[in-house]
Amino acid sequence: MLWKTTLGMMAVTGMLALAGQASAEDKIKIGVSYPTPTHAWAAGMNWHAEQAEKRLEKLYPDVDLILVNSPDPGAQASALEDLVSVHQIDALVVLPFESEPLTDPVLNVKKSGAWITVVDRGLSQPGIEDLYVAGNNPELGRVSAQYMKGRLKDGDNIVVLRGIPTVIDNERFDAFMEEIEGSGINVLDHKHANWNRDDGFEVMQDFLSRFPDIDAVWAQDDDIAVGVVAALKQAGRDGDGMFVVGGAGMKEIIKGIMDGDELIPVDVLYPPAMIATAMDATVNAFKSNGPVAGRYILGATLITRENAESYYFPDSPF
Amino acid sequence: MTMMTASDDKAAKTAKRFSVDFKTLGPALALLLLCIIGFLLNPAFVSEGNLTNLLTRSAFIGIIAVGATFVITAGGIDLSVGSMAAAIAGVMIIVMNNAVETLGTGVPTVLFGCGIAILLGIGAGWINGALTTRGKIEAFIVTLGTMGIYRSLVTYFADGGTLSLNFDIRGTYRPVYYDGFLGLPFPVWVFIGVAICGWLLLNRTAFGRYCTAIGSNEAVAKYSAINVDRVKTLTYIIQGLCVSFATIIYVPRLGSASASTGVLWELEAIAAVIIGGTVLKGGYGRIGGTILGALILTTIGNILNFTDMISNYLNGTMQGLIIIVAVLLQRSDWKFGRNSKS
């Protein structure tokens with residue numbers, strides 16, 4: 001009798017499991033893989049990915065988004081394998097830790113027949129991804145330089161604080177210098193402040209000791225800008241029309257712009273929310289009647305007091 | 001007659017210093033040389049503003065390095081200090097933000113935060129010490145472990161982002177970094193205070209002699225009835241306390257802590273200690289040298305920001321070269337023809 005019940009229960013469970021599998025197979029499964037957030041920008045990306053997951057799954061009940069973050073390139077490669085073997089994904093949205101070591105793992109996902117969307121950092125081999133979504137680093141430098149040119153005149157002096165020596169930093173810096181050239185604005189010097197507040201503070205302190213006349217600062221990044229502003233205030237050189245241009249779109253900075261801060265009057269967007277853009281576009285590849293494949297390069301929008309509100313996410317960690 | 005003896009004494013002292021202590025002078029000479037280079041590159045280097053910035057900036061590494069001098073003299077090592085500073089800063093900010101409702105945004109909240117920081121520093125130091133002595137694990141491994149733990153804790157507390165101090169408390173707390181007394185900012189006074197206490201403790205107390213004894217030969221120290229485990233644990237507690245002090249003056253600077261706070265501070269502190277003449281394998285420690293070492297390290301970075309002659313990408317090379325030259329100056333036998341005695 002006991003034995004019979006057990007058997008019956010087993011049968012029921014088996015049927016339920018089968019039913020579950022069937023409905024799971026009907027679902028469009030999309031894996032989303034990115035590095036574990038260890039700095040504010042990445043934490044913002046994580047938040048926006050979670051927001052997009054909730055929103056898209058509510059909008060399309062037959063879409064299942066699986067978010068996975070990994071602490072290093074090796075772990076991300078394993079995570080990609082799991083997404084294929086365990087979850088049998090139909091599409092992958094991936095922000096690669098590094099280009100080189102993840103090119104082959106993504107290629108393997110591609111071979112399983114999945115749609116591939118690559119975000120922000122390109123793979124080292126072209127033609128793998130169906131869709132590429134990224135911010136525009138040279139444009140960030142160019143837009144910042146154009147703003148500087150609009151506010152400064154011939155003979156004015158600026159200093160530049162750069163990020164961590166990488167391709168991203170070079171692209172931004174080279175485009176900025178190209179745009180500023182011939183405008184008569186002097187770039188007194190440029191130093192690496194490693195996209196971090198403490199270094200921004202110390203490098204700016206030294207610039208202030210070294211150059212008695214600075215009219216504006218290009219900090220390239222919002223974290224550096226926070227340090228720069230502290231140094232300017234300490235030296236009492238935050239008046240006289242001095243201004244700082246950062247970049248990325250940190251919520252505190254955007255809030256300041258909305259409130260009419262004169263020291264940081266604008267910001268240039270390099271949004272962590274681009275992961276959400278990529279997730280939207282990937283879902284559209286299954287849902288829309290319009291074609292999606294291609295390259296989606298976001299603009300480096302200049303955020304001013306007029307448009308700041310639409311880039312303000314008070315709940316995001318960034 | 002009395003005068004003669006005195007001058008004789010003095011002469012003898014000078015001679016002794018000349019023959020033995022080029023080693024002591026090494027770091028001081030290196031620092032002097034750096035300052036001259038800085039001045040030649042840009043006279044603004046010796047402006048009051050820049051010198052104040054330099055001293056204030058070196059206070060963080062300097063204070064931590066005073067603690068590290070004890071740990072290293074007693075034959076240990078602490079790799080966790082940078083992460084510990086970040087974690088303490090993070091907890092301190094959270095605690096103060098949460099205390100606003102009960103304690104308000106005034107001095108009590110700040111004092112409460114500082115008290116918590118000191119308790120955490122002592123606790124974290126004790127953990128490192130107890131695991132090395134009672135747990136019988138090598139200090140390198142213990143502190144490598146706690147380094148990872150503290151670093152990931154601050155990332156976790158900050159949700160991967162940045163922890164920011166409540167704006168009103170920042171107003172109350174800000175003067176601790178930016179204001180001063182007699183023309184010197186408060187962080188520099190803290191640095192001076194910690195340095196003097198450290199010097200007295202290492203050179204004028206039994207505890208200091210125990211540290212040196214344990215560092216040069218632990219077994220002999222044990223047979224000489226020194227409570228080795230207790231003394232060693234205490235060195236880590238002193239280190240933790242120093243980290244708390246450094247954090248207390250660090251937080252009001254930018255009012256924030258993140259995963260990038262205090263990165264590589266442990267290596268800078270160890271470098272400052274070694275540049276100053278303390279022996280990495282223990283048994284000989286010099287607080288004065290440590291202070292000079294910390295100043296040298298900060299000055300290098302400052303000078304590199306004062307010139308565009310050297311490519312930005314070579315900053316690390318310059319720092320490495322200067323550190324090696326500074327240690328070379330005090331280690332090698334630069335006796336100018338004299339026989340080496342020591």
# chains A, B, ... in the order shown; residues from 1 in each chain; ligands from 1

$ select_by_dssp --residues "stretch 30-258 of chain B" --states "strand (DSSP E)" --output "list in words"
Thr162, Leu163, Ser164, Gly180, Phe181, Leu184, Pro185, Ser256, Ala257 and Ser258 of chain B

$ residues_around --residues "stretch 33-50 of chain A" --least-positions-apart "3" --cutoff "8 Å" --atoms "only C-alpha atoms" --output "PyMOL selection string"
(chain A and resi 53-54+67-72+76+79-80+92-97+250+272-276+279+316-318) or (chain B and resi 155+159-162+258-260)

$ closest_residue --among "B:Ala326, B:Val142, B:Val279, B:Ala65" --to "B:Ser216" --atoms "only C-alpha atoms"
B:Val279

$ residues_around --residues "B:Ile237" --least-positions-apart "6" --cutoff "12 Å" --atoms "only C-alpha atoms" --output "list in words"
Ile64, Gly67, Ala68, Phe70, Val71, Asp78, Val81, Ile118, Leu119, Leu120, Gly121, Ile122, Gly123, Ala124, Gly125, Trp126, Ile127, Asn128, Gly129, Ala130, Arg230, Val231, Val243 and Ser244 of chain B

$ residues_around --residues "A:Val133" --least-positions-apart "2" --cutoff "12 Å" --atoms "only C-alpha atoms" --output "mmCIF file with N, CA and C atoms, in the first residue's frame"
data_model
loop_
_atom_site.group_PDB
_atom_site.id
_atom_site.type_symbol
_atom_site.label_atom_id
_atom_site.label_comp_id
_atom_site.auth_asym_id
_atom_site.auth_seq_id
_atom_site.Cartn_x
_atom_site.Cartn_y
_atom_site.Cartn_z
ATOM 1 N N VAL A 93 23.571 37.870 -23.813
ATOM 2 C CA VAL A 93 24.039 39.254 -23.739
ATOM 3 C C VAL A 93 25.285 39.220 -22.876
ATOM 4 N N VAL A 94 26.430 39.638 -23.409
ATOM 5 C CA VAL A 94 27.664 39.490 -22.641
ATOM 6 C C VAL A 94 28.482 40.776 -22.645
ATOM 7 N N LEU A 95 28.904 41.189 -21.441
ATOM 8 C CA LEU A 95 29.904 42.247 -21.321
ATOM 9 C C LEU A 95 31.195 41.535 -20.925
ATOM 10 N N ILE A 116 23.901 36.331 -30.298
ATOM 11 C CA ILE A 116 24.945 36.924 -29.438
ATOM 12 C C ILE A 116 24.866 38.451 -29.470
ATOM 13 N N THR A 117 24.742 39.055 -28.272
ATOM 14 C CA THR A 117 24.844 40.510 -28.151
ATOM 15 C C THR A 117 26.059 40.826 -27.281
ATOM 16 N N VAL A 118 26.994 41.599 -27.814
ATOM 17 C CA VAL A 118 28.176 41.978 -27.047
ATOM 18 C C VAL A 118 28.026 43.435 -26.605
ATOM 19 N N VAL A 119 28.363 43.691 -25.328
ATOM 20 C CA VAL A 119 28.183 45.027 -24.767
ATOM 21 C C VAL A 119 29.530 45.649 -24.405
ATOM 22 N N ASP A 120 29.720 46.886 -24.754
ATOM 23 C CA ASP A 120 30.812 47.758 -24.304
ATOM 24 C C ASP A 120 32.207 47.326 -24.769
ATOM 25 N N ARG A 121 32.670 46.137 -24.382
ATOM 26 C CA ARG A 121 34.009 45.716 -24.751
ATOM 27 C C ARG A 121 33.917 44.716 -25.905
ATOM 28 N N GLY A 122 34.512 45.044 -27.050
ATOM 29 C CA GLY A 122 34.400 44.181 -28.217
ATOM 30 C C GLY A 122 35.210 42.902 -28.059
ATOM 31 N N GLU A 129 29.507 38.411 -33.049
ATOM 32 C CA GLU A 129 28.264 38.908 -32.456
ATOM 33 C C GLU A 129 27.244 39.284 -33.541
ATOM 34 N N ASP A 130 25.963 39.105 -33.174
ATOM 35 C CA ASP A 130 24.893 39.565 -34.043
ATOM 36 C C ASP A 130 24.641 41.042 -33.811
ATOM 37 N N LEU A 131 24.822 41.450 -32.548
ATOM 38 C CA LEU A 131 24.529 42.835 -32.194
ATOM 39 C C LEU A 131 25.618 43.337 -31.256
ATOM 40 N N GLY A 135 28.996 52.287 -25.587
ATOM 41 C CA GLY A 135 29.109 53.738 -25.455
ATOM 42 C C GLY A 135 30.159 54.206 -26.440
ATOM 43 N N ASN A 136 30.331 55.502 -26.518
ATOM 44 C CA ASN A 136 31.223 56.037 -27.535
ATOM 45 C C ASN A 136 32.340 56.828 -26.866
ATOM 46 N N PRO A 271 26.816 55.705 -20.017
ATOM 47 C CA PRO A 271 25.899 55.174 -19.017
ATOM 48 C C PRO A 271 26.066 53.683 -18.729
ATOM 49 N N PRO A 272 26.063 53.309 -17.430
ATOM 50 C CA PRO A 272 26.042 51.891 -17.087
ATOM 51 C C PRO A 272 24.740 51.232 -17.537
ATOM 52 N N ALA A 273 23.713 52.054 -17.814
ATOM 53 C CA ALA A 273 22.422 51.514 -18.242
ATOM 54 C C ALA A 273 22.486 50.920 -19.643
ATOM 55 N N MET A 274 23.655 50.984 -20.293
ATOM 56 C CA MET A 274 23.739 50.420 -21.649
ATOM 57 C C MET A 274 23.452 48.918 -21.647
ATOM 58 N N ILE A 275 23.641 48.252 -20.503
ATOM 59 C CA ILE A 275 23.325 46.821 -20.432
ATOM 60 C C ILE A 275 21.820 46.620 -20.643
ATOM 61 N N ALA A 276 21.017 47.566 -20.144
ATOM 62 C CA ALA A 276 19.573 47.479 -20.320
ATOM 63 C C ALA A 276 19.202 47.688 -21.788
ATOM 64 N N THR A 277 19.894 48.636 -22.426
ATOM 65 C CA THR A 277 19.680 48.853 -23.861
ATOM 66 C C THR A 277 19.919 47.543 -24.619
ATOM 67 N N ALA A 278 21.026 46.880 -24.245
ATOM 68 C CA ALA A 278 21.380 45.631 -24.930
ATOM 69 C C ALA A 278 20.335 44.548 -24.678
ATOM 70 N N MET A 279 19.814 44.482 -23.440
ATOM 71 C CA MET A 279 18.811 43.462 -23.133
ATOM 72 C C MET A 279 17.511 43.734 -23.900
ATOM 73 N N ASP A 280 17.121 45.011 -23.952
ATOM 74 C CA ASP A 280 15.931 45.389 -24.721
ATOM 75 C C ASP A 280 16.061 44.982 -26.184
ATOM 76 N N ALA A 281 17.210 45.337 -26.764
ATOM 77 C CA ALA A 281 17.404 45.055 -28.184
ATOM 78 C C ALA A 281 17.412 43.554 -28.446
ATOM 79 N N THR A 282 17.992 42.795 -27.504
ATOM 80 C CA THR A 282 18.054 41.347 -27.690
ATOM 81 C C THR A 282 16.656 40.729 -27.641
ATOM 82 N N VAL A 292 17.151 43.720 -36.090
ATOM 83 C CA VAL A 292 17.867 44.221 -34.916
ATOM 84 C C VAL A 292 19.379 44.113 -35.081
ATOM 85 N N ALA A 293 19.841 43.090 -35.798
ATOM 86 C CA ALA A 293 21.276 42.840 -35.890
ATOM 87 C C ALA A 293 22.021 44.067 -36.413
ATOM 88 N N GLY A 294 23.231 44.260 -35.904
ATOM 89 C CA GLY A 294 24.042 45.382 -36.350
ATOM 90 C C GLY A 294 24.816 45.994 -35.196
ATOM 91 N N ARG A 295 25.151 47.254 -35.336
ATOM 92 C CA ARG A 295 25.911 47.931 -34.290
ATOM 93 C C ARG A 295 25.076 49.065 -33.718
ATOM 94 N N TYR A 296 25.003 49.139 -32.392
ATOM 95 C CA TYR A 296 24.188 50.142 -31.727
ATOM 96 C C TYR A 296 25.139 50.969 -30.854
ATOM 97 N N ILE A 297 25.631 52.096 -31.389
ATOM 98 C CA ILE A 297 26.566 52.929 -30.635
ATOM 99 C C ILE A 297 25.798 54.091 -30.019
ATOM 100 N N LEU A 298 25.815 54.135 -28.685
ATOM 101 C CA LEU A 298 25.078 55.178 -27.984
ATOM 102 C C LEU A 298 25.771 56.523 -28.168
ATOM 103 N N GLY A 299 25.007 57.581 -28.145
ATOM 104 C CA GLY A 299 25.605 58.906 -28.203
ATOM 105 C C GLY A 299 26.224 59.256 -26.861
#

$ closest_residue --among "A:Arg172, A:Lys29, A:Lys191, A:Arg162" --to "A:Leu140" --atoms "only C-alpha atoms"
A:Arg172
